[in-house]
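Visitor: Compact mmCIF, C-alpha atoms, file upload-v7.txt:
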# COMPACT_ATOMS: atom_id res chain seq x y z
CA MET B 1 26.89 -25.34 -8.33
CA THR B 2 24.75 -27.37 -10.72
CA VAL B 3 23.14 -25.98 -13.85
CA VAL B 4 19.72 -26.24 -12.17
CA ASP B 5 20.85 -23.87 -9.38
CA ARG B 6 21.22 -21.07 -11.91
CA TRP B 7 17.47 -20.94 -12.35
CA LEU B 8 16.74 -20.43 -8.67
CA LEU B 9 15.54 -17.06 -7.45
CA PRO B 10 16.36 -15.70 -3.98
CA GLU B 11 13.94 -16.89 -1.32
CA GLY B 12 10.90 -14.63 -1.16
CA VAL B 13 11.62 -13.11 -4.59
CA GLU B 14 9.31 -14.27 -7.36
CA GLU B 15 8.53 -13.65 -11.00
CA LEU B 16 5.10 -13.18 -12.54
CA LEU B 17 4.35 -15.29 -15.60
CA PRO B 18 2.12 -13.98 -18.41
CA ALA B 19 -1.32 -14.78 -16.90
CA GLN B 20 -0.46 -13.31 -13.49
CA ALA B 21 1.48 -10.39 -14.95
CA ARG B 22 -1.51 -9.48 -17.13
CA GLN B 23 -3.81 -9.49 -14.09
CA VAL B 24 -1.39 -7.47 -11.94
CA GLU B 25 -0.99 -4.91 -14.70
CA ALA B 26 -4.77 -4.70 -15.07
CA ILE B 27 -5.08 -4.02 -11.34
CA ARG B 28 -2.31 -1.41 -11.48
CA ARG B 29 -3.99 0.46 -14.33
CA GLN B 30 -7.41 0.20 -12.71
CA LEU B 31 -6.18 1.63 -9.41
CA LEU B 32 -4.11 4.43 -10.92
CA ASP B 33 -7.13 5.44 -12.98
CA LEU B 34 -9.21 5.42 -9.80
CA TYR B 35 -6.69 7.66 -8.03
CA ARG B 36 -6.53 9.99 -11.00
CA GLY B 37 -10.30 10.35 -10.76
CA TRP B 38 -9.82 11.61 -7.19
CA GLY B 39 -7.20 14.14 -8.29
CA TYR B 40 -4.07 12.18 -7.29
CA GLN B 41 -1.15 12.77 -9.65
CA LEU B 42 1.14 9.90 -10.62
CA VAL B 43 4.84 10.06 -9.69
CA ILE B 44 7.53 7.52 -10.55
CA PRO B 45 10.42 7.77 -8.08
CA PRO B 46 13.75 6.01 -8.73
CA LEU B 47 14.35 2.44 -7.57
CA VAL B 48 17.48 3.44 -5.63
CA GLU B 49 18.46 6.55 -3.65
CA PHE B 50 21.07 7.65 -1.16
CA THR B 51 20.23 6.26 2.27
CA ASP B 52 20.32 9.65 3.99
CA ALA B 53 17.37 10.73 1.84
CA LEU B 54 15.51 7.45 1.47
CA LEU B 55 15.53 6.15 5.04
CA ILE B 56 15.78 9.20 7.28
CA GLY B 57 12.75 9.79 9.46
CA MET B 58 11.15 6.45 8.60
CA GLY B 59 12.15 4.53 11.73
CA ARG B 60 14.52 1.69 12.45
CA ASP B 61 12.18 -0.99 11.03
CA ILE B 62 12.44 0.51 7.55
CA ASP B 63 16.20 0.93 7.88
CA VAL B 64 16.94 -2.69 8.79
CA ASN B 65 14.61 -3.94 6.06
CA SER B 66 16.42 -2.12 3.26
CA VAL B 67 19.03 -3.61 0.93
CA LYS B 68 22.04 -1.29 0.80
CA VAL B 69 24.74 -0.92 -1.85
CA THR B 70 27.68 1.41 -2.40
CA ASP B 71 27.50 3.93 -5.24
CA GLU B 72 30.68 3.39 -7.26
CA LEU B 73 30.56 6.94 -8.60
CA THR B 74 30.49 8.74 -5.25
CA GLY B 75 31.32 6.13 -2.63
CA ARG B 76 28.11 7.04 -0.78
CA MET B 77 25.73 4.42 0.56
CA MET B 78 22.54 3.84 -1.42
CA ALA B 79 19.50 1.71 -0.69
CA ILE B 80 17.04 -0.06 -2.93
CA ARG B 81 13.75 1.40 -1.76
CA PRO B 82 11.88 -0.75 0.81
CA ASP B 83 8.95 1.69 0.71
CA ILE B 84 7.88 4.55 -1.58
CA THR B 85 6.30 6.77 1.08
CA ALA B 86 9.50 8.69 1.90
CA GLN B 87 10.19 9.22 -1.79
CA ALA B 88 6.75 10.75 -2.29
CA ALA B 89 7.37 13.01 0.72
CA ARG B 90 10.69 14.14 -0.79
CA ILE B 91 8.99 14.90 -4.11
CA ASP B 92 6.31 16.95 -2.37
CA ALA B 93 8.73 18.84 -0.13
CA HIS B 94 11.64 19.40 -2.52
CA SER B 95 10.78 18.68 -6.14
CA LEU B 96 7.26 20.15 -6.32
CA CYS B 97 7.64 22.62 -3.45
CA SER B 98 4.02 23.79 -3.57
CA ASP B 99 2.19 25.44 -0.69
CA ASP B 100 -1.12 24.04 -1.92
CA VAL B 101 -2.63 20.70 -1.00
CA THR B 102 -0.82 18.07 -3.06
CA ARG B 103 -2.17 14.63 -3.91
CA LEU B 104 0.28 12.03 -5.24
CA CYS B 105 -0.01 8.35 -6.15
CA TYR B 106 2.49 5.73 -7.28
CA ALA B 107 2.98 2.06 -8.16
CA GLY B 108 6.35 0.33 -8.22
CA SER B 109 8.50 -2.52 -6.98
CA VAL B 110 10.24 -2.37 -3.61
CA LEU B 111 12.73 -4.76 -2.01
CA HIS B 112 12.96 -6.03 1.58
CA THR B 113 15.82 -7.81 3.29
CA LYS B 114 13.30 -10.14 4.95
CA PRO B 115 9.61 -10.82 4.35
CA LYS B 116 7.29 -8.84 6.63
CA SER B 117 5.25 -11.94 7.41
CA LEU B 118 5.51 -15.68 6.88
CA MET B 119 4.04 -15.78 3.37
CA ALA B 120 4.91 -12.24 2.30
CA SER B 121 7.03 -11.40 -0.74
CA ARG B 122 10.41 -9.73 -0.37
CA SER B 123 9.80 -7.96 -3.67
CA PRO B 124 6.28 -6.53 -3.44
CA ILE B 125 4.77 -4.18 -5.97
CA GLN B 126 3.60 -1.28 -3.83
CA VAL B 127 0.78 1.04 -4.81
CA GLY B 128 -0.37 3.94 -2.71
CA ALA B 129 -1.69 7.47 -2.39
CA GLU B 130 -0.46 10.37 -0.25
CA LEU B 131 -2.06 13.71 0.62
CA TYR B 132 0.18 16.63 1.69
CA GLY B 133 -0.48 20.08 3.07
CA GLU B 134 -3.70 19.46 5.01
CA ALA B 135 -3.74 18.70 8.74
CA SER B 136 -7.50 18.36 9.22
CA VAL B 137 -9.42 15.17 9.92
CA ALA B 138 -11.09 15.70 6.54
CA ALA B 139 -7.80 14.71 4.86
CA ASP B 140 -7.63 11.48 6.90
CA ILE B 141 -11.23 10.70 6.00
CA GLU B 142 -10.47 11.20 2.29
CA VAL B 143 -7.48 8.87 2.44
CA VAL B 144 -9.37 6.16 4.37
CA SER B 145 -12.24 6.46 1.87
CA LEU B 146 -9.86 6.08 -1.06
CA MET B 147 -8.35 2.99 0.55
CA VAL B 148 -11.83 1.49 0.90
CA GLU B 149 -12.62 2.36 -2.73
CA THR B 150 -9.37 0.66 -3.74
CA LEU B 151 -10.56 -2.64 -2.29
CA HIS B 152 -14.17 -2.26 -3.40
CA SER B 153 -13.10 -1.55 -6.98
CA LEU B 154 -11.48 -5.00 -7.06
CA GLY B 155 -14.53 -6.76 -5.67
CA ILE B 156 -13.04 -7.27 -2.21
CA ALA B 157 -15.97 -7.19 0.21
CA ASP B 158 -16.61 -7.87 3.91
CA ILE B 159 -13.76 -5.55 4.85
CA THR B 160 -12.81 -4.77 8.44
CA LEU B 161 -11.09 -1.46 9.15
CA ASP B 162 -8.81 -1.39 12.18
CA PHE B 163 -8.19 2.08 13.67
CA GLY B 164 -5.69 3.36 16.21
CA HIS B 165 -4.03 6.64 17.17
CA VAL B 166 -0.39 6.84 18.21
CA ALA B 167 -0.84 10.17 20.04
CA ILE B 168 -2.61 8.51 22.97
CA PHE B 169 0.25 6.18 23.90
CA ARG B 170 2.86 8.78 23.03
CA THR B 171 1.25 11.40 25.29
CA LEU B 172 0.96 8.99 28.22
CA ALA B 173 4.57 7.89 27.76
CA ASP B 174 5.74 11.53 27.72
CA GLN B 175 3.73 12.34 30.85
CA ALA B 176 5.19 9.34 32.62
CA GLY B 177 8.71 10.50 31.78
CA LEU B 178 9.69 7.15 30.28
CA SER B 179 13.21 6.79 28.99
CA GLU B 180 13.70 5.72 25.39
CA GLU B 181 14.48 2.18 26.53
CA GLU B 182 11.43 2.02 28.80
CA GLU B 183 9.14 3.39 26.10
CA THR B 184 10.48 0.83 23.61
CA GLU B 185 9.98 -2.01 26.08
CA LEU B 186 6.40 -0.97 26.84
CA PHE B 187 5.69 -0.45 23.15
CA GLU B 188 6.85 -3.99 22.35
CA VAL B 189 4.77 -5.72 25.04
CA LEU B 190 1.71 -3.71 24.00
CA GLN B 191 2.12 -4.94 20.42
CA ARG B 192 2.29 -8.53 21.68
CA LYS B 193 -0.86 -7.99 23.78
CA ALA B 194 0.99 -9.74 26.62
CA ALA B 195 -1.20 -8.81 29.59
CA ASP B 196 1.11 -10.02 32.37
CA GLU B 197 4.16 -8.39 30.78
CA ILE B 198 2.27 -5.14 30.22
CA ALA B 199 1.29 -4.94 33.89
CA SER B 200 4.83 -5.78 34.98
CA VAL B 201 6.45 -3.10 32.81
CA ILE B 202 3.90 -0.47 33.87
CA ASN B 203 4.42 -1.24 37.56
CA ARG B 204 8.18 -1.05 37.15
CA CYS B 205 8.45 2.00 34.90
CA ILE B 206 5.53 4.32 35.78
CA ASP B 207 5.56 5.81 39.29
CA ASP B 208 2.42 7.91 38.92
CA ALA B 209 -0.48 5.65 39.98
CA VAL B 210 -3.06 7.47 37.85
CA LEU B 211 -0.91 7.33 34.70
CA GLY B 212 -0.17 3.67 35.41
CA GLU B 213 -3.87 2.88 35.64
CA GLN B 214 -4.58 4.81 32.44
CA MET B 215 -1.82 2.99 30.56
CA LEU B 216 -3.07 -0.37 31.81
CA ALA B 217 -6.63 0.52 30.80
CA LEU B 218 -5.38 1.64 27.40
CA SER B 219 -3.97 -1.85 26.79
CA LYS B 220 -7.51 -3.25 27.10
CA LEU B 221 -9.27 -0.81 24.80
CA GLN B 222 -10.00 -2.98 21.77
CA GLY B 223 -13.33 -3.68 20.11
CA ASP B 224 -16.20 -1.96 18.33
CA VAL B 225 -17.10 1.72 18.41
CA SER B 226 -18.07 1.47 22.09
CA VAL B 227 -14.32 1.47 22.78
CA LEU B 228 -14.27 5.18 21.93
CA HIS B 229 -16.99 5.95 24.45
CA ARG B 230 -15.11 4.02 27.12
CA ALA B 231 -11.91 5.85 26.20
CA ALA B 232 -13.65 9.24 26.37
CA ASN B 233 -14.81 8.48 29.92
CA LEU B 234 -11.48 7.03 31.00
CA PHE B 235 -9.46 10.02 29.75
CA ALA B 236 -12.02 12.74 30.53
CA GLY B 237 -9.48 14.74 32.54
CA ALA B 238 -6.38 13.71 30.59
CA ALA B 239 -3.99 15.83 28.54
CA PRO B 240 -5.54 17.72 25.58
CA GLY B 241 -3.60 15.62 23.07
CA ILE B 242 -5.38 12.46 24.23
CA ILE B 243 -8.83 14.08 24.14
CA GLU B 244 -8.15 15.38 20.62
CA ALA B 245 -7.02 11.94 19.45
CA ILE B 246 -10.20 10.26 20.71
CA ASP B 247 -12.28 13.01 19.11
CA GLU B 248 -10.51 12.48 15.78
CA LEU B 249 -11.20 8.74 15.94
CA GLN B 250 -14.88 9.40 16.65
CA ARG B 251 -15.21 11.84 13.75
CA VAL B 252 -13.48 9.48 11.32
CA ALA B 253 -15.61 6.54 12.51
CA GLU B 254 -18.88 8.44 12.06
CA LYS B 255 -18.02 9.66 8.58
CA ILE B 256 -16.65 6.34 7.30
CA GLN B 257 -19.55 4.33 8.75
CA GLY B 258 -21.96 6.79 7.13
CA ARG B 259 -20.28 6.42 3.74
CA TYR B 260 -19.81 2.65 3.96
CA PRO B 261 -22.48 1.14 6.24
CA SER B 262 -21.45 -2.44 5.44
CA LEU B 263 -17.90 -2.00 6.74
CA ASN B 264 -16.85 -3.58 10.01
CA LEU B 265 -15.05 -1.04 12.21
CA TYR B 266 -12.64 -2.19 14.90
CA PHE B 267 -10.68 0.01 17.29
CA ASP B 268 -7.42 -0.87 19.02
CA LEU B 269 -5.95 2.05 20.91
CA THR B 270 -2.65 0.21 21.33
CA GLU B 271 -2.40 -0.32 17.56
CA LEU B 272 0.86 1.53 16.95
CA ARG B 273 1.68 0.45 13.41
CA GLY B 274 4.51 2.61 12.11
CA TYR B 275 4.87 4.20 15.55
CA HIS B 276 8.35 5.55 14.86
CA TYR B 277 7.18 7.85 12.07
CA HIS B 278 3.39 8.05 12.30
CA THR B 279 2.07 11.00 14.30
CA GLY B 280 -1.70 10.50 14.51
CA LEU B 281 -4.42 8.27 13.11
CA VAL B 282 -3.29 4.83 11.89
CA PHE B 283 -5.48 2.32 10.08
CA GLY B 284 -5.45 -1.01 8.30
CA ALA B 285 -7.88 -3.01 6.17
CA TYR B 286 -8.45 -6.74 6.64
CA ALA B 287 -10.25 -9.17 4.35
CA PRO B 288 -11.71 -12.61 5.16
CA GLY B 289 -9.19 -15.44 5.09
CA CYS B 290 -6.23 -13.05 5.15
CA GLY B 291 -4.22 -12.90 8.37
CA TYR B 292 -2.50 -9.61 7.59
CA ALA B 293 -3.59 -6.11 6.61
CA VAL B 294 -4.19 -5.94 2.86
CA ALA B 295 -3.79 -2.15 3.01
CA ASN B 296 -2.67 0.23 5.75
CA GLY B 297 -1.74 3.81 6.34
CA GLY B 298 -1.91 6.77 8.66
CA ARG B 299 -0.85 10.32 9.38
CA TYR B 300 2.87 11.15 9.35
CA ASP B 301 3.13 14.93 9.69
CA ASP B 302 6.42 16.77 9.28
CA ILE B 303 8.33 13.95 7.55
CA GLY B 304 9.21 16.55 4.90
CA ARG B 305 11.23 18.47 7.50
CA VAL B 306 14.33 16.46 6.59
CA PHE B 307 13.93 17.70 3.01
CA GLY B 308 13.60 21.34 4.07
CA ARG B 309 9.81 21.70 4.41
CA ALA B 310 7.66 20.26 7.18
CA ARG B 311 4.23 19.43 5.76
CA PRO B 312 1.15 17.68 7.15
CA ALA B 313 0.85 14.29 5.47
CA THR B 314 -1.45 11.30 5.41
CA GLY B 315 -1.66 8.32 3.07
CA PHE B 316 -1.95 4.57 2.58
CA THR B 317 -0.28 1.74 0.69
CA THR B 318 -1.23 -1.70 -0.50
CA GLU B 319 0.51 -4.45 -2.45
CA LEU B 320 -0.53 -5.63 -5.90
CA LYS B 321 0.55 -9.28 -5.60
CA SER B 322 -1.52 -9.69 -2.44
CA LEU B 323 -4.52 -8.00 -4.06
CA LEU B 324 -4.25 -10.42 -6.98
CA ASN B 325 -5.19 -13.30 -4.67
CA LEU B 326 -8.22 -11.44 -3.31
CA ALA B 327 -9.59 -9.54 -6.30
CA THR B 328 -12.78 -10.84 -7.89
CA SER B 329 -13.59 -8.11 -10.42
CA VAL B 330 -10.44 -7.39 -12.40
CA GLU B 331 -10.91 -6.54 -16.06
CA VAL B 332 -8.29 -8.38 -18.11
CA ASP B 333 -7.86 -8.62 -21.85
CA GLY B 334 -10.70 -10.59 -23.44
CA ASP B 335 -10.72 -11.82 -27.02
CA ILE B 336 -7.44 -12.62 -28.74
CA ILE B 337 -7.57 -12.88 -32.52
CA PHE B 338 -5.21 -15.07 -34.55
CA ALA B 339 -4.30 -13.99 -38.08
CA PRO B 340 -2.84 -16.95 -40.04
CA TYR B 341 0.48 -16.30 -41.79
CA ARG B 342 -0.01 -14.66 -45.18
CA GLU B 343 2.16 -12.36 -47.25
CA ASP B 344 -0.85 -10.23 -47.97
CA ALA B 345 -0.98 -6.43 -47.72
CA GLU B 346 -4.76 -6.46 -47.35
CA GLN B 347 -4.59 -8.78 -44.35
CA TRP B 348 -2.01 -6.47 -42.77
CA LYS B 349 -4.42 -3.55 -43.17
CA GLN B 350 -7.17 -5.57 -41.49
CA VAL B 351 -4.86 -6.51 -38.62
CA GLN B 352 -3.78 -2.90 -38.07
CA GLN B 353 -7.37 -1.69 -38.16
CA LEU B 354 -8.33 -4.21 -35.48
CA ARG B 355 -5.38 -3.17 -33.33
CA SER B 356 -6.37 0.47 -33.68
CA GLN B 357 -9.71 -0.55 -32.15
CA ASN B 358 -7.86 -1.94 -29.12
CA GLN B 359 -8.25 -5.53 -30.27
CA ILE B 360 -5.46 -8.02 -29.60
CA VAL B 361 -4.22 -9.65 -32.80
CA ILE B 362 -1.43 -12.22 -33.03
CA CYS B 363 0.05 -12.52 -36.50
CA GLY B 364 0.98 -16.11 -37.21
CA LEU B 365 4.43 -17.06 -38.43
CA PRO B 366 5.26 -19.66 -41.10
CA GLU B 367 4.29 -23.17 -39.90
CA GLN B 368 2.70 -21.72 -36.74
CA ASN B 369 -0.67 -23.05 -35.64
CA VAL B 370 -3.28 -21.10 -33.72
CA ASN B 371 -1.97 -20.08 -30.30
CA ALA B 372 -3.64 -21.79 -27.37
CA GLU B 373 -4.70 -18.48 -25.82
CA CYS B 374 -6.45 -17.28 -28.99
CA THR B 375 -10.24 -17.11 -28.94
CA HIS B 376 -10.96 -15.99 -32.52
CA ILE B 377 -9.42 -16.24 -35.98
CA LEU B 378 -9.29 -13.70 -38.80
CA VAL B 379 -10.80 -15.27 -41.92
CA ASP B 380 -10.66 -14.13 -45.56
CA ASP B 381 -13.63 -15.35 -47.57
CA ASP B 382 -12.79 -14.21 -51.07
CA GLY B 383 -12.01 -10.66 -49.99
CA ARG B 384 -14.60 -10.55 -47.24
CA TRP B 385 -12.89 -10.36 -43.87
CA SER B 386 -14.55 -11.70 -40.77
CA ILE B 387 -13.67 -12.80 -37.26
CA GLU B 388 -14.82 -16.28 -36.27
CA SER B 389 -14.84 -17.90 -32.88
CA ILE B 390 -12.47 -20.79 -32.28
CA ASP B 391 -14.36 -23.74 -30.79
Render the structure in this file as structure tokens.

Guide:
Amino acid sequence: MTVVDRWLLPEGVEELLPAQARQVEAIRRQLLDLYRGWGYQLVIPPLVEFTDALLIGMGRDIDVNSVKVTDELTGRMMAIRPDITAQAARIDAHSLCSDDVTRLCYAGSVLHTKPKSLMASRSPIQVGAELYGEASVAADIEVVSLMVETLHSLGIADITLDFGHVAIFRTLADQAGLSEEEETELFEVLQRKAADEIASVINRCIDDAVLGEQMLALSKLQGDVSVLHRAANLFAGAAPGIIEAIDELQRVAEKIQGRYPSLNLYFDLTELRGYHYHTGLVFGAYAPGCGYAVANGGRYDDIGRVFGRARPATGFTTELKSLLNLATSVEVDGDIIFAPYREDAEQWKQVQQLRSQNQIVICGLPEQNVNAECTHILVDDDGRWSIESID
């Protein structure tokens, strides 16, 4: 190993230098203040937990994407959190243990074994909001609205919301009596939008002709709001769970379009993001020039069961480093004042007074010139203190 190698970071793991770190921190504060204004309380879960608490109920994808270590004190397996959602659910179900509606928010680093997409970070800074204890569509609408406000607050416009509902596929799969292996196979080809493979798997695995036709039609239900009208006609005599899912999508679409008329709404009824733990509505937000969802979420009822209390739950997450590349209206620190080095008690009082007014003041050291990032200088004109701009 050469000396240079010691400076390398693991692939997909990056550091934020002062300019970026300042912007990310500004975004973090801005969003947490936004969530607080909606009544969401901040929680700060630990970076590492035992795997049987952190990963249970979250699906195999989360499990394989978590970095695991052995706790030397107990010998039990721990994981560095790959997602904060389960931790928030544990806090709601076990630590807070309230029967009321609970709103929680968080912001913190997570770690993945592999990046989720080609350009994604393995060490994202995740921020999100979760709502517990309310099963109505109104809770989903609130969470979707807060996700939209998250992006709008950062100046991210021309947003497309992508909606799906896992109950439709899950109900059809249950009616068809698919085995776990068959359901997984069909799930995977649906996610790839592989038309020939979808038809082949349906023909091979679903004996009921009507269910087969409905599943095949489901694979083609993507587009604008007219998709919901087509789905309502297609599944008019289907199981109640499917009718309810389509109705929920329609109600959410109407309310969100009414609140945000400029949004583009897209519906994909085979969008099964987080299928292994989501139980209802799922959604993602896309921005121009970005090939992945910049924020996503959905309903995941009863995840708290593993912690002793099953609770309705819905929420969303986004990632601060990704938002940094898209944000256009982030308030960062403005003027930076330089105070030349002086052993002067009066200058110190002036510096402290400025800092108490939320001004940034850098006190110079002996032989130190004005810092490059400074915009103003503190000047003493025979006892008269002033702040002058640095040309």

Visitor: To one decimal in Å, tell me the separation between CA of Val127 (chain B) and CA of Ile84 (chain B).

Guide: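 Interatomic distance here is 8.6 Å.
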
Visitor: Compile the contact shell of Ser386 (chain B) as a ChimeraX atom specification: residues with an atom at most 12 Å away, counting only C-alpha atoms, same-chain residues fewer than 2 positions apart removed.

Guide: /B:337-339,347,350-351,354,376-384,388-389

Visitor: Take the selection from the previous step and output its residues with C-alpha atoms, as a compact mmCIF listing (two decimals), keeping the file's coordinate frame.

Guide:
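Wrote result_22.txt, looks like this:
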# COMPACT_ATOMS: atom_id res chain seq x y z
CA ILE B 337 -7.57 -12.88 -32.52
CA PHE B 338 -5.21 -15.07 -34.55
CA ALA B 339 -4.30 -13.99 -38.08
CA GLN B 347 -4.59 -8.78 -44.35
CA GLN B 350 -7.17 -5.57 -41.49
CA VAL B 351 -4.86 -6.51 -38.62
CA LEU B 354 -8.33 -4.21 -35.48
CA HIS B 376 -10.96 -15.99 -32.52
CA ILE B 377 -9.42 -16.24 -35.98
CA LEU B 378 -9.29 -13.70 -38.80
CA VAL B 379 -10.80 -15.27 -41.92
CA ASP B 380 -10.66 -14.13 -45.56
CA ASP B 381 -13.63 -15.35 -47.57
CA ASP B 382 -12.79 -14.21 -51.07
CA GLY B 383 -12.01 -10.66 -49.99
CA ARG B 384 -14.60 -10.55 -47.24
CA GLU B 388 -14.82 -16.28 -36.27
CA SER B 389 -14.84 -17.90 -32.88

Visitor: Show me a table, sorted first by chain and then by increasing residue number, of the residues of region 189-301 of chain B having an atom at most 6 Å from region 143-167 of chain B, each with its shortest atom pair and the distance in Å to one decimal, counting all atoms listed in the file and written as CSV.

Guide:
residue,atom,partner,partner_atom,distance
B:Leu263,CA,B:Ile159,CA,5.8
B:Asn264,CA,B:Thr160,CA,4.5
B:Leu265,CA,B:Leu161,CA,5.0
B:Tyr266,CA,B:Asp162,CA,4.8
B:Phe267,CA,B:Phe163,CA,4.9
B:Asp268,CA,B:Gly164,CA,5.4
B:Leu269,CA,B:Gly164,CA,4.9
B:Glu271,CA,B:Gly164,CA,5.1
B:Leu272,CA,B:Val166,CA,5.6
B:Gly280,CA,B:His165,CA,5.2
B:Leu281,CA,B:His165,CA,4.4
B:Val282,CA,B:Gly164,CA,5.2
B:Phe283,CA,B:Phe163,CA,4.5
B:Gly284,CA,B:Asp162,CA,5.1
B:Ala285,CA,B:Leu161,CA,4.6
B:Tyr286,CA,B:Thr160,CA,5.1
B:Ala287,CA,B:Ile159,CA,5.1

Visitor: Set the distance at 6 Å and use only C-alpha atoms: which residues neighbour Ile80 (chain B) once local chain neighbours fewer than 6 positions away are removed? I'd like the list as a PyMOL selection string.

Guide: chain B and resi 47-48+67

Visitor: Calculate how many Å separate CA of Asp335 (chain B) from CA of Glu367 (chain B), rounding to one decimal.

Guide: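 Taking CA of Asp335 (chain B) and CA of Glu367 (chain B), their separation equals 22.8 Å.
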
Visitor: List the spatial neighbours of region 244-251 of chain B as a list in words - criterion: any atom at most 7 Å away, all atoms listed in the file, same-chain residues fewer than 3 positions off excluded.

Guide: Val137, His165, Ala167, Ile168, Leu228, Ala232, Pro240, Gly241, Glu254 and Lys255 of chain B

Visitor: Working from the structure I just supplied, which lacks atoms in region 377-388 of chain B, can you model N, CA, C and O atoms there and output them as a short mmCIF file (atom, residue, chain, number, x, y, z; two decimals), in the frame of the given file?

Guide:
data_model
loop_
_atom_site.label_atom_id
_atom_site.label_comp_id
_atom_site.auth_asym_id
_atom_site.auth_seq_id
_atom_site.Cartn_x
_atom_site.Cartn_y
_atom_site.Cartn_z
N ILE B 377 -10.34 -16.18 -34.84
CA ILE B 377 -9.42 -16.24 -35.98
C ILE B 377 -9.92 -15.29 -37.07
O ILE B 377 -11.13 -15.13 -37.27
N LEU B 378 -8.97 -14.61 -37.70
CA LEU B 378 -9.29 -13.70 -38.80
C LEU B 378 -9.38 -14.52 -40.09
O LEU B 378 -8.43 -15.21 -40.47
N VAL B 379 -10.53 -14.43 -40.75
CA VAL B 379 -10.80 -15.27 -41.92
C VAL B 379 -11.04 -14.39 -43.15
O VAL B 379 -11.76 -13.37 -43.07
N ASP B 380 -10.45 -14.80 -44.28
CA ASP B 380 -10.66 -14.13 -45.56
C ASP B 380 -11.52 -15.04 -46.44
O ASP B 380 -11.09 -16.13 -46.84
N ASP B 381 -12.73 -14.59 -46.70
CA ASP B 381 -13.63 -15.35 -47.57
C ASP B 381 -13.78 -14.60 -48.88
O ASP B 381 -14.71 -13.81 -49.07
N ASP B 382 -12.78 -14.82 -49.74
CA ASP B 382 -12.79 -14.21 -51.07
C ASP B 382 -12.93 -12.68 -50.98
O ASP B 382 -13.77 -12.06 -51.62
N GLY B 383 -12.05 -12.11 -50.12
CA GLY B 383 -12.01 -10.66 -49.99
C GLY B 383 -12.93 -10.10 -48.91
O GLY B 383 -12.90 -8.91 -48.62
N ARG B 384 -13.75 -10.97 -48.32
CA ARG B 384 -14.60 -10.55 -47.24
C ARG B 384 -13.98 -11.00 -45.92
O ARG B 384 -13.86 -12.21 -45.68
N TRP B 385 -13.60 -10.04 -45.12
CA TRP B 385 -12.89 -10.36 -43.87
C TRP B 385 -13.88 -10.47 -42.73
O TRP B 385 -14.79 -9.66 -42.59
N SER B 386 -13.67 -11.51 -41.93
CA SER B 386 -14.55 -11.70 -40.77
C SER B 386 -13.74 -12.30 -39.64
O SER B 386 -12.64 -12.82 -39.83
N ILE B 387 -14.31 -12.21 -38.44
CA ILE B 387 -13.67 -12.80 -37.26
C ILE B 387 -14.58 -13.90 -36.74
O ILE B 387 -15.75 -13.66 -36.41
N GLU B 388 -14.04 -15.11 -36.68
CA GLU B 388 -14.82 -16.28 -36.27
C GLU B 388 -14.29 -16.83 -34.96
O GLU B 388 -13.07 -16.82 -34.71
#
